[in-house]
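Q: One file is attached below, my_file.csv, containing CSV, C-alpha atoms.
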chain,number,residue,atom,x,y,z
A,1,MET,CA,2.4,55.0,23.7
A,2,ARG,CA,1.9,51.3,23.5
A,3,THR,CA,-0.5,51.8,20.6
A,4,LEU,CA,2.1,53.8,18.7
A,5,HIS,CA,4.7,51.2,19.3
A,6,SER,CA,2.4,48.5,18.0
A,7,ALA,CA,1.6,50.5,14.9
A,8,ILE,CA,5.3,51.0,14.2
A,9,SER,CA,6.0,47.3,14.8
A,10,ALA,CA,3.1,46.3,12.4
A,11,THR,CA,4.4,48.7,9.8
A,12,SER,CA,7.9,47.4,10.1
A,13,THR,CA,6.6,43.8,9.7
A,14,ALA,CA,4.6,44.7,6.7
A,15,LEU,CA,7.5,46.5,5.0
A,16,SER,CA,9.8,43.5,5.7
A,17,ALA,CA,7.2,41.2,4.1
A,18,VAL,CA,7.0,43.5,1.1
A,19,LEU,CA,10.8,43.5,0.8
A,20,LEU,CA,10.9,39.7,0.9
A,21,VAL,CA,8.3,39.3,-1.8
A,22,LEU,CA,10.0,42.0,-3.9
A,23,LEU,CA,13.3,40.2,-3.8
A,24,ALA,CA,11.7,36.9,-4.5
A,25,VAL,CA,10.5,38.4,-7.8
A,26,LEU,CA,13.5,40.7,-8.6
A,27,VAL,CA,16.2,38.1,-8.1
A,28,PRO,CA,15.0,35.5,-10.7
A,29,PHE,CA,13.9,38.3,-13.1
A,30,SER,CA,17.2,40.0,-12.9
A,31,ALA,CA,19.2,36.8,-13.3
A,32,LEU,CA,17.1,35.7,-16.3
A,33,SER,CA,17.3,39.1,-18.1
A,34,ALA,CA,21.1,39.3,-17.5
A,35,TRP,CA,21.4,35.6,-18.7
A,36,VAL,CA,19.7,36.4,-22.0
A,37,ASP,CA,21.8,39.6,-22.6
A,38,LEU,CA,25.2,38.2,-21.5
A,39,GLU,CA,25.0,34.6,-22.6
A,40,ILE,CA,22.3,33.8,-25.1
A,41,ASP,CA,22.9,36.9,-27.2
A,42,ASP,CA,26.7,36.8,-27.0
A,43,THR,CA,28.5,34.5,-29.4
A,44,ASP,CA,31.6,34.0,-27.3
A,45,ARG,CA,29.7,33.2,-24.2
A,46,TYR,CA,27.3,31.0,-26.1
A,47,VAL,CA,30.2,29.0,-27.5
A,48,ALA,CA,31.8,28.8,-24.0
A,49,ALA,CA,28.5,27.5,-22.6
A,50,VAL,CA,28.0,24.7,-25.2
A,51,SER,CA,31.8,23.8,-25.6
A,52,PRO,CA,31.7,21.2,-22.8
A,53,LEU,CA,29.0,19.3,-24.7
A,54,SER,CA,31.8,17.9,-26.9
A,55,SER,CA,32.5,15.5,-24.1
A,56,ASP,CA,28.9,14.8,-23.2
A,57,PRO,CA,28.1,11.1,-23.9
A,58,ALA,CA,24.6,11.9,-25.4
A,59,VAL,CA,26.1,14.4,-27.8
A,60,ARG,CA,28.9,12.1,-28.8
A,61,SER,CA,26.5,9.2,-29.3
A,62,THR,CA,24.2,11.4,-31.4
A,63,VAL,CA,27.0,12.7,-33.6
A,64,THR,CA,28.4,9.2,-34.0
A,65,GLU,CA,25.1,7.6,-35.0
A,66,VAL,CA,24.2,10.4,-37.4
A,67,ILE,CA,27.5,10.4,-39.2
A,68,THR,CA,27.6,6.6,-39.4
A,69,GLU,CA,24.1,6.3,-40.8
A,70,GLU,CA,24.5,9.1,-43.3
A,71,ALA,CA,27.8,7.7,-44.6
A,72,MET,CA,26.5,4.1,-44.9
A,73,SER,CA,23.5,5.4,-46.9
A,74,GLN,CA,26.0,6.3,-49.6
A,75,ILE,CA,27.9,3.1,-49.5
A,76,ASP,CA,26.9,-0.4,-50.8
A,77,LEU,CA,29.5,-3.1,-50.2
A,78,GLY,CA,27.2,-6.1,-50.1
A,79,PRO,CA,28.3,-8.7,-47.6
A,80,LEU,CA,30.9,-6.3,-46.1
A,81,GLN,CA,28.3,-3.6,-45.3
A,82,ASP,CA,27.9,-4.5,-41.6
A,83,THR,CA,31.7,-4.9,-41.2
A,84,VAL,CA,32.3,-1.4,-42.7
A,85,ARG,CA,29.5,0.0,-40.6
A,86,ASP,CA,31.0,-1.3,-37.4
A,87,PHE,CA,34.5,0.0,-38.4
A,88,LEU,CA,33.2,3.5,-39.4
A,89,HIS,CA,31.0,3.7,-36.2
A,90,GLU,CA,34.0,2.8,-34.0
A,91,THR,CA,36.3,5.2,-35.9
A,92,VAL,CA,33.9,8.1,-35.5
A,93,ARG,CA,33.1,7.3,-31.9
A,94,SER,CA,36.8,7.2,-31.1
A,95,PHE,CA,37.3,10.6,-32.9
A,96,THR,CA,34.6,12.2,-30.8
A,97,THR,CA,36.9,11.7,-27.7
A,98,THR,CA,39.8,13.7,-29.2
A,99,THR,CA,40.8,17.3,-28.8
A,100,ALA,CA,40.2,17.7,-32.6
A,101,PHE,CA,36.5,17.0,-32.2
A,102,GLY,CA,36.3,19.5,-29.4
A,103,LYS,CA,37.8,22.2,-31.7
A,104,ALA,CA,35.5,21.1,-34.5
A,105,TRP,CA,32.5,21.3,-32.1
A,106,ASP,CA,33.4,24.9,-31.0
A,107,THR,CA,34.0,26.0,-34.6
A,108,ALA,CA,30.7,24.6,-35.8
A,109,ASN,CA,28.7,26.1,-32.9
A,110,ARG,CA,30.3,29.5,-33.4
A,111,GLY,CA,28.9,29.5,-36.9
A,112,ALA,CA,25.6,28.1,-35.7
A,113,HIS,CA,24.9,30.7,-33.0
A,114,GLY,CA,23.3,33.0,-35.5
A,115,VAL,CA,21.0,30.3,-36.6
A,116,VAL,CA,20.0,29.5,-33.0
A,117,GLU,CA,19.3,33.2,-32.4
A,118,ASP,CA,17.2,33.4,-35.5
A,119,ALA,CA,15.2,30.4,-34.3
A,120,LEU,CA,14.6,32.0,-30.9
A,121,ASN,CA,13.5,35.2,-32.5
A,122,GLY,CA,11.6,33.7,-35.3
A,123,ASP,CA,7.9,33.4,-36.1
A,124,GLY,CA,5.3,31.5,-34.0
A,125,GLY,CA,4.8,27.8,-34.6
A,126,GLN,CA,8.5,27.1,-35.3
A,127,SER,CA,10.6,24.6,-33.3
A,128,VAL,CA,14.0,25.5,-32.1
A,129,ARG,CA,16.5,23.1,-33.7
A,130,ILE,CA,20.3,22.8,-33.7
A,131,ASP,CA,21.7,21.8,-37.1
A,132,LEU,CA,24.5,19.2,-36.8
A,133,ALA,CA,25.7,19.8,-40.4
A,134,PRO,CA,28.5,22.2,-39.5
A,135,VAL,CA,29.7,19.6,-36.9
A,136,ILE,CA,29.5,16.8,-39.4
A,137,ASP,CA,31.4,18.9,-42.0
A,138,GLN,CA,34.2,19.6,-39.5
A,139,VAL,CA,34.4,15.9,-38.5
A,140,LYS,CA,34.4,14.8,-42.1
A,141,GLN,CA,37.4,17.1,-42.9
A,142,GLU,CA,39.4,15.7,-40.0
A,143,LEU,CA,38.6,12.1,-40.9
A,144,VAL,CA,39.6,12.6,-44.5
A,145,ARG,CA,42.8,14.3,-43.4
A,146,ASP,CA,43.5,11.3,-41.2
A,147,GLY,CA,43.0,9.0,-44.2
A,148,VAL,CA,40.0,7.1,-42.8
A,149,PRO,CA,38.5,4.8,-45.5
A,150,PHE,CA,35.1,6.0,-46.9
A,151,ALA,CA,35.3,9.3,-44.9
A,152,ASP,CA,35.0,11.2,-48.2
A,153,ARG,CA,31.6,9.5,-48.7
A,154,ILE,CA,30.1,11.1,-45.6
A,155,PRO,CA,27.4,13.5,-46.9
A,156,VAL,CA,27.1,16.9,-45.3
A,157,GLN,CA,23.5,17.9,-45.1
A,158,ARG,CA,21.1,19.5,-42.7
A,159,THR,CA,20.7,17.2,-39.7
A,160,GLU,CA,18.8,18.6,-36.8
A,161,ILE,CA,18.3,18.0,-33.1
A,162,THR,CA,15.0,19.4,-31.8
A,163,VAL,CA,15.7,21.3,-28.6
A,164,LEU,CA,12.3,23.0,-28.2
A,165,GLY,CA,8.9,22.0,-29.7
A,166,PRO,CA,6.7,24.7,-31.3
A,167,ASP,CA,4.5,25.4,-28.3
A,168,GLN,CA,7.4,25.7,-25.8
A,169,ALA,CA,9.4,27.7,-28.4
A,170,ASP,CA,6.5,30.2,-28.7
A,171,SER,CA,6.4,30.7,-24.9
A,172,LEU,CA,10.2,31.2,-24.8
A,173,ARG,CA,10.2,33.7,-27.6
A,174,ALA,CA,7.6,35.9,-25.9
A,175,SER,CA,9.6,35.8,-22.7
A,176,LEU,CA,12.9,36.5,-24.4
A,177,ARG,CA,11.5,39.7,-26.0
A,178,TRP,CA,10.8,41.1,-22.6
A,179,LEU,CA,14.0,39.9,-21.0
A,180,ARG,CA,16.1,41.1,-23.9
A,181,TYR,CA,14.5,44.5,-23.7
A,182,CYS,CA,15.3,44.8,-19.9
A,183,SER,CA,18.9,43.6,-20.4
A,184,ILE,CA,21.0,43.9,-17.2
A,185,TRP,CA,19.2,46.8,-15.7
A,186,PRO,CA,16.9,44.8,-13.4
A,187,ALA,CA,20.1,43.4,-11.7
A,188,VAL,CA,21.6,46.9,-11.4
A,189,ALA,CA,18.3,48.2,-10.0
A,190,THR,CA,18.1,45.4,-7.5
A,191,VAL,CA,21.6,46.1,-6.1
A,192,VAL,CA,20.9,49.9,-5.9
A,193,LEU,CA,17.6,49.2,-4.1
A,194,LEU,CA,19.3,47.0,-1.5
A,195,VAL,CA,22.0,49.5,-0.8
A,196,LEU,CA,19.5,52.3,-0.4
A,197,VAL,CA,17.2,50.3,1.8
A,198,VAL,CA,19.9,49.1,4.2
A,199,GLY,CA,21.7,52.5,4.1
A,200,LEU,CA,18.5,54.5,4.9
A,201,ALA,CA,17.5,52.1,7.7
A,202,THR,CA,20.9,52.4,9.3
A,203,VAL,CA,21.1,56.2,9.0
A,204,ARG,CA,17.6,56.9,10.2
A,205,ARG,CA,17.0,54.2,12.8
A,206,GLY,CA,20.5,53.2,13.9
A,207,ALA,CA,22.7,50.1,13.6
A,208,ARG,CA,20.3,47.7,15.1
A,209,ARG,CA,17.6,48.6,12.7
A,210,GLY,CA,20.1,48.5,9.8
A,211,LEU,CA,21.1,45.0,10.9
A,212,TRP,CA,17.5,43.8,10.9
A,213,VAL,CA,16.9,45.2,7.4
A,214,THR,CA,20.1,43.4,6.3
A,215,ALA,CA,18.8,40.2,7.7
A,216,VAL,CA,15.6,40.7,5.8
A,217,VAL,CA,17.6,41.4,2.6
A,218,GLY,CA,19.5,38.2,3.2
A,219,GLY,CA,16.3,36.2,3.6
A,220,GLY,CA,14.9,37.8,0.5
A,221,LEU,CA,18.0,36.9,-1.6
A,222,ALA,CA,17.8,33.3,-0.4
A,223,LEU,CA,14.1,33.1,-1.2
A,224,GLY,CA,14.8,34.6,-4.6
A,225,ALA,CA,17.5,32.1,-5.3
A,226,ILE,CA,15.1,29.3,-4.5
A,227,VAL,CA,12.5,30.7,-6.8
A,228,LEU,CA,15.1,31.0,-9.6
A,229,ARG,CA,16.0,27.3,-9.1
A,230,ILE,CA,12.4,26.3,-9.3
A,231,VAL,CA,11.9,28.4,-12.5
A,232,VAL,CA,15.0,26.8,-14.1
A,233,ALA,CA,13.8,23.3,-13.2
A,234,VAL,CA,10.2,23.9,-14.4
A,235,GLY,CA,11.5,25.5,-17.6
A,236,ARG,CA,13.8,22.5,-18.3
A,237,SER,CA,11.0,20.0,-17.8
A,238,ARG,CA,8.6,21.9,-20.0
A,239,ALA,CA,11.3,22.5,-22.7
A,240,LEU,CA,11.9,18.7,-23.0
A,241,GLU,CA,8.2,17.8,-23.1
A,242,GLU,CA,8.0,18.2,-26.9
A,243,ALA,CA,11.5,16.9,-27.7
A,244,PRO,CA,11.4,13.7,-29.8
A,245,GLY,CA,12.5,10.6,-28.1
A,246,GLN,CA,15.7,10.2,-30.2
A,247,ASP,CA,16.6,13.8,-29.5
A,248,ARG,CA,15.7,14.0,-25.8
A,249,ASP,CA,19.1,13.1,-24.3
A,250,ALA,CA,21.0,15.5,-26.6
A,251,ALA,CA,18.4,18.2,-26.1
A,252,ALA,CA,18.6,17.8,-22.3
A,253,ALA,CA,22.4,18.2,-22.5
A,254,VAL,CA,22.0,21.4,-24.6
A,255,VAL,CA,19.4,22.9,-22.2
A,256,ASP,CA,21.6,22.0,-19.2
A,257,ALA,CA,24.7,23.6,-20.8
A,258,LEU,CA,22.9,26.8,-21.6
A,259,THR,CA,21.4,27.1,-18.1
A,260,ALA,CA,24.5,26.1,-16.2
A,261,SER,CA,25.3,29.8,-15.4
A,262,LEU,CA,21.8,30.2,-14.0
A,263,ARG,CA,22.3,27.3,-11.6
A,264,THR,CA,25.6,28.8,-10.5
A,265,THR,CA,23.8,32.1,-9.9
A,266,VAL,CA,21.4,30.2,-7.7
A,267,TRP,CA,24.1,28.9,-5.4
A,268,VAL,CA,26.0,32.3,-5.3
A,269,VAL,CA,22.9,34.3,-4.4
A,270,LEU,CA,21.8,31.7,-1.9
A,271,ALA,CA,25.2,31.7,-0.2
A,272,ALA,CA,25.2,35.5,-0.2
A,273,GLY,CA,21.7,35.6,1.3
A,274,ALA,CA,22.6,33.1,4.0
A,275,VAL,CA,25.7,35.0,5.0
A,276,LEU,CA,23.8,38.3,5.2
A,277,LEU,CA,20.9,36.7,7.1
A,278,VAL,CA,23.0,34.8,9.7
A,279,GLY,CA,25.7,37.4,10.0
A,280,ALA,CA,23.2,40.3,10.6
A,281,LEU,CA,21.1,38.3,13.1
A,282,LEU,CA,24.2,37.2,15.1
A,283,THR,CA,25.6,40.7,15.1
A,284,ARG,CA,22.3,42.1,16.3
A,285,LEU,CA,22.1,39.5,19.0
A,286,LEU,CA,25.7,40.3,20.2
A,287,LEU,CA,24.9,44.0,20.3
A,288,GLY,CA,21.8,43.3,22.3
A,289,ARG,CA,23.7,41.3,24.9
A,290,ARG,CA,26.6,43.8,25.2
A,291,LYS,CA,26.3,45.4,28.6
A,292,PRO,CA,26.6,49.1,28.8
A,293,ARG,CA,29.7,50.5,30.5
A,294,PRO,CA,29.2,51.7,34.1
A,295,THR,CA,29.4,55.4,34.3
A,296,ALA,CA,32.2,56.7,36.5
A,297,THR,CA,31.1,58.6,39.7
A,298,ARG,CA,32.9,61.6,40.9
A,299,SER,CA,34.2,61.6,44.4
Since I need it in another form, could you write the structure as structure tokens?

A:
Amino acid sequence: MRTLHSAISATSTALSAVLLVLLAVLVPFSALSAWVDLEIDDTDRYVAAVSPLSSDPAVRSTVTEVITEEAMSQIDLGPLQDTVRDFLHETVRSFTTTTAFGKAWDTANRGAHGVVEDALNGDGGQSVRIDLAPVIDQVKQELVRDGVPFADRIPVQRTEITVLGPDQADSLRASLRWLRYCSIWPAVATVVLLVLVVGLATVRRGARRGLWVTAVVGGGLALGAIVLRIVVAVGRSRALEEAPGQDRDAAAAVVDALTASLRTTVWVVLAAGAVLLVGALLTRLLLGRRKPRPTATRS
């Protein structure tokens, strides 16, 4: 009898370990595949993700410097060159703090989303770059409308920020193909799996066993959230390895904006896992301490 009990206990431990490892893999995989399907491939969500970048200091600085330098390359005012440069630089910098710039940024990125998708789906050996030309065009129109001197001399031409170098872009393209193919189904499958595992354990082995499996599920979710956070951090570091120095700050801002939902997912899943783990263990402990009611004796 003791041998049978030991075998059952060993099997239970092994199954718990398998469930933990499975969740540690499924959680980040599910989150990444859903992220690609719901955010990277969706124009509205993409624009919503990068919209806050209009107030990012690195992006504002990059746009200001690019517009100023491009405009001054078309202007020759002799001794007044530096004075005009300073004036235009300050005017553009001030404009990047306005609501109008935010709207211009959103409009430009809505049009640029298709270009970014093409870059992410393109051939090997290509970098992923964001073209600032649509942003510059929107800013130029606003400055001309406001009557800013020399604003009409600002050239609108392809001006790119390198977000991913060719090597990192190739790795990302290969991963995106698989993640895009899987879509949101890994996340759905994970939820169904958890419900079935907990439900079957409760029905077949009772509430105490169901609570133990729930605790294991909570631990697995927490472990998966930690793995996802590590994946995001490593991916960010690798993505910025090949970014040119002058583009690094802006590239980092873009990467952080696009992965913000993944970092939120980490905290949500981690919190859910902790609640399940602690709640199930405490409930199981309370059930174990509850004293059975004394049976009434007939006189």

Q: I want to know what sits within 12 Å of Ile230 in chain A, based on only C-alpha atoms, with residues of the same chain fewer than 5 positions away left out; could you give that as JSON, numbers by chain?

A: {"A": [24, 28, 223, 224, 225, 235, 236, 237, 262, 263, 266]}

Q: So which one's closest to Leu143 in chain A, A:Ser54, A:Ser73, A:Thr264, A:Thr91? Using all atoms listed in the file, please.

A: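 Result for the nearest residue to Leu143 in chain A: A:Thr91.
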
Q: Please check which residues have atoms at most 6 Å from (18.4, 22.9, -31.4) in the file's coordinates, counting all atoms listed in the file, and write them as a CSV table (one decimal) with C-alpha atoms, in the coordinates of the input.

A:
chain,number,residue,atom,x,y,z
A,128,VAL,CA,14.0,25.5,-32.1
A,129,ARG,CA,16.5,23.1,-33.7
A,130,ILE,CA,20.3,22.8,-33.7
A,161,ILE,CA,18.3,18.0,-33.1
A,162,THR,CA,15.0,19.4,-31.8
A,163,VAL,CA,15.7,21.3,-28.6

Q: So, counting all atoms listed in the file, which residue among A:Asp106, A:Asp247, A:Asp76, A:Glu39 is closest to Glu160 in chain A?

A: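 For Glu160 in chain A, the nearest of the given residues is A:Asp247.
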
Q: Counting all atoms listed in the file, which residue out of A:Leu200, A:Val66, A:Leu240, A:Val191 sits closest to Ala252 in chain A?

A: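 Under the stated criterion, the closest residue is A:Leu240.
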
Q: Considering all atoms listed in the file, state which residue in the set A:Ala207, A:Ile75, A:Ala272, A:Val135 is at the smallest distance from Ala100 in chain A.

A: A:Val135

Q: Could you check the closest approach to Ala187 in chain A for each of A:Leu19, A:Leu287, A:Val269, A:Ala239 and tell me which residue wins, using only C-alpha atoms?

A: A:Val269

Q: Could you list as a ChimeraX atom specification every residue that has an atom within 10 Å of (23.0, 38.5, -15.6), using the file's coordinates and counting only C-alpha atoms?

A: /A:28-39,183-188,261-262,265

Q: CA of Leu194 in chain A to CA of Leu285 in chain A: how many Å, to one decimal?

A: 22.0 Å

Q: If you measure from CA of Ala222 in chain A to CA of Val255 in chain A, what distance in Å do you get, rounded to one decimal?

A: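 Separation between CA of Ala222 in chain A and CA of Val255 in chain A: 24.2 Å.
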
Q: Would you please work out which residue, of A:Leu15, A:Gln81, A:Arg238, A:Leu23, is nearest to Ile226 in chain A when using only C-alpha atoms?

A: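 So, comparing all the options, the nearest one is A:Leu23.
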
Q: Distance CA of Lys140 in chain A-CA of Asp152 in chain A, one decimal place?

A: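 Going from CA of Lys140 in chain A over to CA of Asp152 in chain A covers 7.1 Å.
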
Q: N, CA and C atoms are what I want for range 262-281 of chain A; can you complete it accordingly and write them as an mmCIF file, in the coordinates of the input?

A:
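Final output, saved to part34.cif:
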data_model
loop_
_atom_site.group_PDB
_atom_site.id
_atom_site.type_symbol
_atom_site.label_atom_id
_atom_site.label_comp_id
_atom_site.auth_asym_id
_atom_site.auth_seq_id
_atom_site.Cartn_x
_atom_site.Cartn_y
_atom_site.Cartn_z
ATOM 1 N N LEU A 262 22.925 29.902 -14.838
ATOM 2 C CA LEU A 262 21.800 30.200 -14.000
ATOM 3 C C LEU A 262 21.832 29.388 -12.697
ATOM 4 N N ARG A 263 22.199 28.116 -12.835
ATOM 5 C CA ARG A 263 22.300 27.300 -11.600
ATOM 6 C C ARG A 263 23.436 27.730 -10.741
ATOM 7 N N THR A 264 24.521 28.201 -11.345
ATOM 8 C CA THR A 264 25.600 28.800 -10.500
ATOM 9 C C THR A 264 25.143 30.018 -9.816
ATOM 10 N N THR A 265 24.375 30.851 -10.518
ATOM 11 C CA THR A 265 23.800 32.100 -9.900
ATOM 12 C C THR A 265 22.967 31.728 -8.694
ATOM 13 N N VAL A 266 22.205 30.654 -8.792
ATOM 14 C CA VAL A 266 21.400 30.200 -7.700
ATOM 15 C C VAL A 266 22.204 30.008 -6.415
ATOM 16 N N TRP A 267 23.296 29.260 -6.564
ATOM 17 C CA TRP A 267 24.100 28.900 -5.400
ATOM 18 C C TRP A 267 24.862 30.170 -4.868
ATOM 19 N N VAL A 268 25.307 31.047 -5.776
ATOM 20 C CA VAL A 268 26.000 32.300 -5.300
ATOM 21 C C VAL A 268 25.062 33.176 -4.555
ATOM 22 N N VAL A 269 23.869 33.412 -5.101
ATOM 23 C CA VAL A 269 22.900 34.300 -4.400
ATOM 24 C C VAL A 269 22.410 33.659 -3.131
ATOM 25 N N LEU A 270 22.201 32.345 -3.152
ATOM 26 C CA LEU A 270 21.800 31.700 -1.900
ATOM 27 C C LEU A 270 22.807 31.770 -0.835
ATOM 28 N N ALA A 271 24.075 31.580 -1.192
ATOM 29 C CA ALA A 271 25.200 31.700 -0.200
ATOM 30 C C ALA A 271 25.259 33.123 0.317
ATOM 31 N N ALA A 272 25.169 34.116 -0.579
ATOM 32 C CA ALA A 272 25.200 35.500 -0.200
ATOM 33 C C ALA A 272 24.079 35.857 0.775
ATOM 34 N N GLY A 273 22.899 35.379 0.434
ATOM 35 C CA GLY A 273 21.700 35.600 1.300
ATOM 36 C C GLY A 273 21.880 34.999 2.652
ATOM 37 N N ALA A 274 22.375 33.770 2.687
ATOM 38 C CA ALA A 274 22.600 33.100 4.000
ATOM 39 C C ALA A 274 23.577 33.803 4.848
ATOM 40 N N VAL A 275 24.681 34.266 4.224
ATOM 41 C CA VAL A 275 25.700 35.000 5.000
ATOM 42 C C VAL A 275 25.138 36.283 5.564
ATOM 43 N N LEU A 276 24.397 37.030 4.756
ATOM 44 C CA LEU A 276 23.800 38.300 5.200
ATOM 45 C C LEU A 276 22.795 38.018 6.346
ATOM 46 N N LEU A 277 21.956 37.016 6.144
ATOM 47 C CA LEU A 277 20.900 36.700 7.100
ATOM 48 C C LEU A 277 21.523 36.294 8.468
ATOM 49 N N VAL A 278 22.394 35.293 8.435
ATOM 50 C CA VAL A 278 23.000 34.800 9.700
ATOM 51 C C VAL A 278 23.909 35.804 10.305
ATOM 52 N N GLY A 279 24.732 36.447 9.485
ATOM 53 C CA GLY A 279 25.700 37.400 10.000
ATOM 54 C C GLY A 279 24.968 38.601 10.674
ATOM 55 N N ALA A 280 23.907 39.117 10.042
ATOM 56 C CA ALA A 280 23.200 40.300 10.600
ATOM 57 C C ALA A 280 22.467 39.884 11.896
ATOM 58 N N LEU A 281 21.860 38.703 11.933
ATOM 59 C CA LEU A 281 21.100 38.300 13.100
ATOM 60 C C LEU A 281 22.115 38.042 14.304
#
